[in-house]
Amino acid sequence: MAGFDRPTSGVAIVGTGAIGRAVAHRLLAGGRDVTVWNRTESRARELADAGALPARSVREAVSSSTLVLLTVKDHAAAEQCLAQLDPDLPGRTIVGMYTGTASEARLAARRVASLGAQYLDAGIQASPEMIGTDAATILYSGAPQAFEQHRTTLELLSQPRFVGAAPEAAAVWDLALFGVWYDAQLGLLRALETARAAGVDLVEFSRTASTQLGHVVAAVSATVSEMQQRSYPAGPADLTEHLTVLRHLIELRAGRRLGDGGLPEVVARIEALIAAGRGGEGLTATVE
């Protein structure tokens with residue numbers, strides 16, 4: 001491909017969905033040269049009108065720049081793109097900017113290394129409209145030198161946070177954060193569903209629910225300290241007391257649409273700890 005054999009200091013964006021478009025517009029506004037490719041060519045037209053250079057293939061896009069952002073739907077789409085590349089891409093950094101698993105991040109890192117390039121995995125804690133604002137956080141893991149080399153460009157997109165040299169670190173961090181939200185939100189929905197079924201005033205109940213959620217947030221630092229020190233004080237209740245409440249909750253949630261939240265497994269863990277003579281410890285002991 002004439003004109004695309006030598007990489008420039010620009011950025012190639014492979015995939016122009018919602019995140020890809022937001023990233024491209026922000027990089028263009030930041031003065032970067034941007035090359036874009038999308039499987040459906042018409043979807044890249046808007047970016048071409050904004051100043052991006054459209055590529056005719058994934059190979060052409062990747063060959064054009066030292067930094068390549070795979071802003072695709074998932075790992076399978078990323079693999080399809082990487083399969084189209086020649087195994088001779090020295091000097092490039094390829095960033096997987098999609099939500100994936102730890103094993104997928106490791107696979108992508110090995111695949112990119114086989115092409116002679118460096119890999120960064122990215123966990124995007126932002127919606128498309130947040131890209132380029134202080135509200136956006138993007139987590140990166142993989143090759144530290146690649147992150148440092150492109151930090152200035154990555155800072156145009158968010159507050160970049162390097163979370164580890166292991167390729168999967170960003171994926172684990174990203175999914176664990178999503179898990180915090182899902183656990184809290186689904187826990188709230190279970191409580192509201194149960195309260196509604198009992199004829200409880202939901203507005204009044206929600207005020208007490210907010211207070212209860214606040215206790216969890218306020219205890220984050222203390223919980224982390226307990227895990228690090230492997231010391232599990234009972235706090236407001238020990239495991240024997242938690243066990244009684246959790247058994248009641250399982251009964252209360254029986255037959256509900258959102259299930260019991262995995263409480264039987266927690267109860268089994270607490271029962272094992274009590275049997276081992278640890279009933280006087282606090283709930284954090286269950287993660288040991």
# chains A, B, ... in the order shown; residues from 1 in each chain; ligands from 1
>>> residues_around(residues="A:Ala29", least_positions_apart="3", cutoff="12 Å", atoms="only C-alpha atoms", output="list in words")
Ala22, Val23, Ala24, His25, Arg26, Arg32, Asp33, Val34, Leu47, Ala50, Gly51, Ala52, Gly132, Thr153, Leu156 and Leu157 of chain A
>>> write_last_selection(atoms="N, CA, C and O atoms", output="CSV table (one decimal), in the first residue's frame")
chain,number,residue,atom,x,y,z
A,22,ALA,N,-16.5,9.0,19.0
A,22,ALA,CA,-16.2,9.9,20.1
A,22,ALA,C,-14.6,10.1,20.2
A,22,ALA,O,-14.1,11.2,20.4
A,23,VAL,N,-13.9,9.0,20.2
A,23,VAL,CA,-12.5,9.0,20.3
A,23,VAL,C,-11.9,9.7,19.1
A,23,VAL,O,-11.0,10.6,19.3
A,24,ALA,N,-12.3,9.4,17.9
A,24,ALA,CA,-11.8,10.1,16.7
A,24,ALA,C,-12.0,11.6,16.8
A,24,ALA,O,-11.1,12.4,16.5
A,25,HIS,N,-13.2,12.0,17.1
A,25,HIS,CA,-13.5,13.5,17.2
A,25,HIS,C,-12.6,14.2,18.2
A,25,HIS,O,-12.1,15.3,18.0
A,26,ARG,N,-12.4,13.5,19.3
A,26,ARG,CA,-11.6,14.1,20.4
A,26,ARG,C,-10.1,14.2,19.9
A,26,ARG,O,-9.5,15.2,20.2
A,32,ARG,N,-4.4,15.7,16.5
A,32,ARG,CA,-3.8,14.5,16.0
A,32,ARG,C,-4.2,14.1,14.6
A,32,ARG,O,-5.3,14.4,14.2
A,33,ASP,N,-3.3,13.5,13.8
A,33,ASP,CA,-3.7,13.0,12.5
A,33,ASP,C,-4.3,11.6,12.8
A,33,ASP,O,-3.8,10.8,13.5
A,34,VAL,N,-5.5,11.5,12.2
A,34,VAL,CA,-6.3,10.3,12.5
A,34,VAL,C,-6.7,9.6,11.2
A,34,VAL,O,-7.2,10.2,10.3
A,47,LEU,N,-16.5,11.0,9.8
A,47,LEU,CA,-15.2,11.3,10.4
A,47,LEU,C,-14.3,11.8,9.3
A,47,LEU,O,-13.4,12.7,9.5
A,50,ALA,N,-14.9,15.3,8.9
A,50,ALA,CA,-14.3,16.0,10.0
A,50,ALA,C,-12.8,16.2,10.0
A,50,ALA,O,-12.2,16.8,10.8
A,51,GLY,N,-12.2,15.5,9.0
A,51,GLY,CA,-10.7,15.6,8.8
A,51,GLY,C,-9.9,14.3,9.0
A,51,GLY,O,-8.7,14.3,8.8
A,52,ALA,N,-10.6,13.2,9.3
A,52,ALA,CA,-9.9,11.9,9.4
A,52,ALA,C,-9.6,11.4,8.0
A,52,ALA,O,-10.3,11.7,7.0
A,132,GLY,N,-13.0,12.5,26.6
A,132,GLY,CA,-12.4,13.8,26.5
A,132,GLY,C,-12.7,14.8,27.6
A,132,GLY,O,-12.2,15.9,27.7
A,153,THR,N,-1.1,11.3,24.2
A,153,THR,CA,-2.3,11.2,23.3
A,153,THR,C,-3.5,10.6,24.1
A,153,THR,O,-4.6,11.0,23.9
A,156,LEU,N,-5.7,12.8,26.0
A,156,LEU,CA,-6.8,13.6,25.3
A,156,LEU,C,-8.1,12.9,25.5
A,156,LEU,O,-9.2,13.6,25.4
A,157,LEU,N,-8.2,11.7,25.8
A,157,LEU,CA,-9.4,10.9,25.8
A,157,LEU,C,-10.0,10.8,27.2
A,157,LEU,O,-11.2,10.7,27.4
>>> residues_around(residues="A:Val36", least_positions_apart="5", cutoff="7 Å", atoms="only C-alpha atoms", output="list in words")
Ala12, Ile13, Val14, Ala44, Ala52, Leu53, Pro54, Ala55 and Ala61 of chain A
>>> residues_around(residues="A:Pro128", least_positions_apart="6", cutoff="10 Å", atoms="only C-alpha atoms", output="list in words")
Gly17, Ala18, Ile19, Gly20, Arg21, Ala22, Val23 and Ala136 of chain A
>>> select_by_dssp(residues="stretch 40-118 of chain A", states="helix (DSSP H, G or I)", output="VMD selection string")
chain A and resid 41 to 49 58 to 64 75 to 82 102 to 114
>>> closest_residue(among="A:Leu115, A:Val172, A:Leu89, A:Leu246", to="A:Glu271", atoms="only C-alpha atoms")
A:Leu246
>>> residues_around(residues="A:Met227", least_positions_apart="5", cutoff="10 Å", atoms="only C-alpha atoms", output="number ranges by chain")
A: 222, 232, 284-285, 287-288
>>> select_by_dssp(residues="stretch 158-284 of chain A", states="strand (DSSP E)", output="list in words")
Gln159, Pro160, Arg161, Phe162, Val163 and Gly164 of chain A
